[in-house]
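Q: Submitted below is the structure of interest, expressed as structure tokens.
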Amino acid sequence: MASPGSEYKISRTCNNCGHHEEIWVSKREAAFELVDIDQRLGPACTKCSATLFSTSYWTVPELDLELLTMWAQDSSLSLMEQDEDLMLADE
Ligand SMILES: [Zn+2]
């Protein structure tokens, strides 16, 4: 079982050798896309040093009151793209 606070998974698969790596991130990191798996694990495959990957992102958390509160309190956080588009359309 994943530890509480890091329950969302990102994985990448090396396009060259098929080596699979994954990391766990928190709900906050998943919702606001704060983690770049290539930065976490390094830009190259740990097995063959290739740099092309297929990246599978986390299941994006449901936007709930907890996330909206985080977002409201921290202007550096951005929500998913469709919401940003909505905001731009309002201008
Ligand atoms: Zn590889």
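Every chain in the structure tokens has a letter given in the order shown (A, B, ...), and although residue numbers restart at 1 in each chain, ligands are simply numbered from 1 in the order shown.
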Using only C-alpha atoms and all ligand atoms, find each protein or nucleic acid residue lying at most 10 Å from ligand 1; present the set as a list in words.
A: Thr13, Cys14, Asn15, Asn16, Cys17, Gly18, His19, His20, Ala44, Cys45, Thr46, Lys47, Cys48, Ser49, Ala50, Thr51, Leu52 and Phe53 of chain A
Q: Which residues, written as a VMD selection string, have at least one atom at most 7 Å from Phe32 (chain A), with only C-alpha atoms counted and residues fewer than 5 positions away on the same chain left out?
A: chain A and resid 77 to 79
Q: Could you save those same residues with C-alpha atoms as an mmCIF file, in the first residue's frame?
A:
```
data_model
loop_
_atom_site.group_PDB
_atom_site.id
_atom_site.type_symbol
_atom_site.label_atom_id
_atom_site.label_comp_id
_atom_site.auth_asym_id
_atom_site.auth_seq_id
_atom_site.Cartn_x
_atom_site.Cartn_y
_atom_site.Cartn_z
ATOM 1 C CA LEU A 77 -0.360 26.798 -8.427
ATOM 2 C CA SER A 78 -2.194 26.334 -11.655
ATOM 3 C CA LEU A 79 -5.119 24.098 -12.320
#
```
Q: Residues near Arg12 (chain A), anyone? I mean within 9 Å using only C-alpha atoms, not counting same-chain ones fewer than 6 positions away, as an NGL selection string.
A: :A and (19-22 or 37-38 or 53-57)
Q: Could you write out the selected residues, including N, CA and C atoms, as a CSV table (one decimal), in the first residue's frame?
A:
```
chain,number,residue,atom,x,y,z
A,19,HIS,N,12.7,-0.4,-20.3
A,19,HIS,CA,12.8,-0.3,-18.8
A,19,HIS,C,11.7,0.6,-18.2
A,20,HIS,N,11.1,0.1,-17.2
A,20,HIS,CA,9.9,0.8,-16.6
A,20,HIS,C,10.3,1.3,-15.2
A,21,GLU,N,10.0,2.6,-15.1
A,21,GLU,CA,10.3,3.2,-13.8
A,21,GLU,C,9.0,4.0,-13.3
A,22,GLU,N,8.8,4.1,-12.0
A,22,GLU,CA,7.7,4.8,-11.5
A,22,GLU,C,8.0,5.5,-10.3
A,37,ILE,N,8.7,13.8,-13.9
A,37,ILE,CA,9.3,12.5,-13.7
A,37,ILE,C,10.8,12.5,-14.2
A,38,ASP,N,11.0,13.2,-15.3
A,38,ASP,CA,12.4,13.2,-15.8
A,38,ASP,C,13.4,14.0,-14.9
A,53,PHE,N,11.3,8.6,-23.7
A,53,PHE,CA,10.4,7.7,-22.9
A,53,PHE,C,8.9,7.9,-23.3
A,54,SER,N,8.1,6.9,-23.0
A,54,SER,CA,6.7,7.1,-23.0
A,54,SER,C,6.3,7.3,-21.5
A,55,THR,N,5.8,8.5,-21.3
A,55,THR,CA,5.4,8.8,-19.9
A,55,THR,C,3.9,8.7,-19.7
A,56,SER,N,3.6,8.0,-18.6
A,56,SER,CA,2.2,7.8,-18.2
A,56,SER,C,1.9,8.6,-17.0
A,57,TYR,N,1.0,9.6,-17.1
A,57,TYR,CA,0.8,10.4,-15.9
A,57,TYR,C,-0.2,9.7,-15.0
```
Q: Rank A:Ile23, A:Leu41, A:Leu63, A:Ala30 by their smallest atom-to-atom distance to Ser11 (chain A), using only C-alpha atoms, and report the top residue only.
A: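 That would be A:Ile23, the residue with the smallest distance to Ser11 (chain A).
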Q: Based on DSSP run over this structure's backbone, return all residues of chain A in strand (DSSP E), as a list of chain:residue names.
A: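 Output for chain A, strand (DSSP E) only: A:Tyr8, A:Lys9, A:Ile10, A:Ser11, A:Arg12, A:Thr13, A:Cys14, A:His20, A:Glu21, A:Glu22, A:Ile23, A:Trp24, A:Val25, A:Phe53, A:Ser54, A:Thr55, A:Ser56.
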Q: Could you take the residues named above and write them with N, CA and C atoms, as a CSV table (one decimal), in the first residue's frame?
A:
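Written output follows (part26.csv):
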```
chain,number,residue,atom,x,y,z
A,8,TYR,N,-0.4,9.0,-5.8
A,8,TYR,CA,-0.6,9.1,-7.2
A,8,TYR,C,0.6,8.7,-7.9
A,9,LYS,N,0.5,7.9,-9.0
A,9,LYS,CA,1.7,7.4,-9.6
A,9,LYS,C,1.9,8.0,-11.0
A,10,ILE,N,3.2,8.2,-11.3
A,10,ILE,CA,3.7,8.6,-12.6
A,10,ILE,C,4.6,7.5,-13.0
A,11,SER,N,4.6,7.1,-14.2
A,11,SER,CA,5.5,6.1,-14.7
A,11,SER,C,6.1,6.5,-16.1
A,12,ARG,N,7.2,5.9,-16.4
A,12,ARG,CA,7.8,6.1,-17.7
A,12,ARG,C,8.4,4.8,-18.2
A,13,THR,N,8.3,4.6,-19.5
A,13,THR,CA,8.9,3.4,-20.1
A,13,THR,C,9.9,3.8,-21.1
A,14,CYS,N,11.1,3.3,-21.1
A,14,CYS,CA,12.1,3.7,-22.0
A,14,CYS,C,11.7,3.2,-23.4
A,20,HIS,N,11.1,0.1,-17.2
A,20,HIS,CA,9.9,0.8,-16.6
A,20,HIS,C,10.3,1.3,-15.2
A,21,GLU,N,10.0,2.6,-15.1
A,21,GLU,CA,10.3,3.2,-13.8
A,21,GLU,C,9.0,4.0,-13.3
A,22,GLU,N,8.8,4.1,-12.0
A,22,GLU,CA,7.7,4.8,-11.5
A,22,GLU,C,8.0,5.5,-10.3
A,23,ILE,N,7.3,6.6,-10.0
A,23,ILE,CA,7.4,7.4,-8.8
A,23,ILE,C,6.0,7.6,-8.2
A,24,TRP,N,5.9,7.9,-7.0
A,24,TRP,CA,4.7,8.2,-6.3
A,24,TRP,C,4.7,9.7,-5.9
A,25,VAL,N,3.6,10.4,-6.1
A,25,VAL,CA,3.5,11.8,-5.8
A,25,VAL,C,2.3,12.0,-4.9
A,53,PHE,N,11.3,8.6,-23.7
A,53,PHE,CA,10.4,7.7,-22.9
A,53,PHE,C,8.9,7.9,-23.3
A,54,SER,N,8.1,6.9,-23.0
A,54,SER,CA,6.7,7.1,-23.0
A,54,SER,C,6.3,7.3,-21.5
A,55,THR,N,5.8,8.5,-21.3
A,55,THR,CA,5.4,8.8,-19.9
A,55,THR,C,3.9,8.7,-19.7
A,56,SER,N,3.6,8.0,-18.6
A,56,SER,CA,2.2,7.8,-18.2
A,56,SER,C,1.9,8.6,-17.0
```
Q: At what distance in Å, to one decimal, does CA of Val35 (chain A) lie from CA of Glu66 (chain A)?
A: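 Computed distance, CA of Glu66 (chain A) to CA of Val35 (chain A), equals 19.1 Å.
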Q: Excluding region 68-72 of chain A and its own-chain neighbours fewer than 6 positions away, which residues fall within 12 Å of it when counting only C-alpha atoms? Please give them as an NGL selection string.
A: :A and (27-29 or 31-32 or 61-62 or 78-80)
Q: Could you write out that same residue set with C-alpha atoms as an mmCIF file, in the first residue's frame?
A:
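Wrote it out as selection.cif, contents follow:
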```
data_model
loop_
_atom_site.group_PDB
_atom_site.id
_atom_site.type_symbol
_atom_site.label_atom_id
_atom_site.label_comp_id
_atom_site.auth_asym_id
_atom_site.auth_seq_id
_atom_site.Cartn_x
_atom_site.Cartn_y
_atom_site.Cartn_z
ATOM 1 C CA LYS A 27 -2.379 14.555 -4.300
ATOM 2 C CA ARG A 28 -1.206 18.175 -4.362
ATOM 3 C CA GLU A 29 1.682 17.378 -6.676
ATOM 4 C CA ALA A 31 -3.381 17.936 -9.106
ATOM 5 C CA PHE A 32 -1.109 20.840 -9.916
ATOM 6 C CA PRO A 61 -7.286 13.735 -8.495
ATOM 7 C CA GLU A 62 -10.859 14.902 -8.429
ATOM 8 C CA SER A 78 -2.194 26.334 -11.655
ATOM 9 C CA LEU A 79 -5.119 24.098 -12.320
ATOM 10 C CA MET A 80 -5.654 21.883 -15.301
#
```
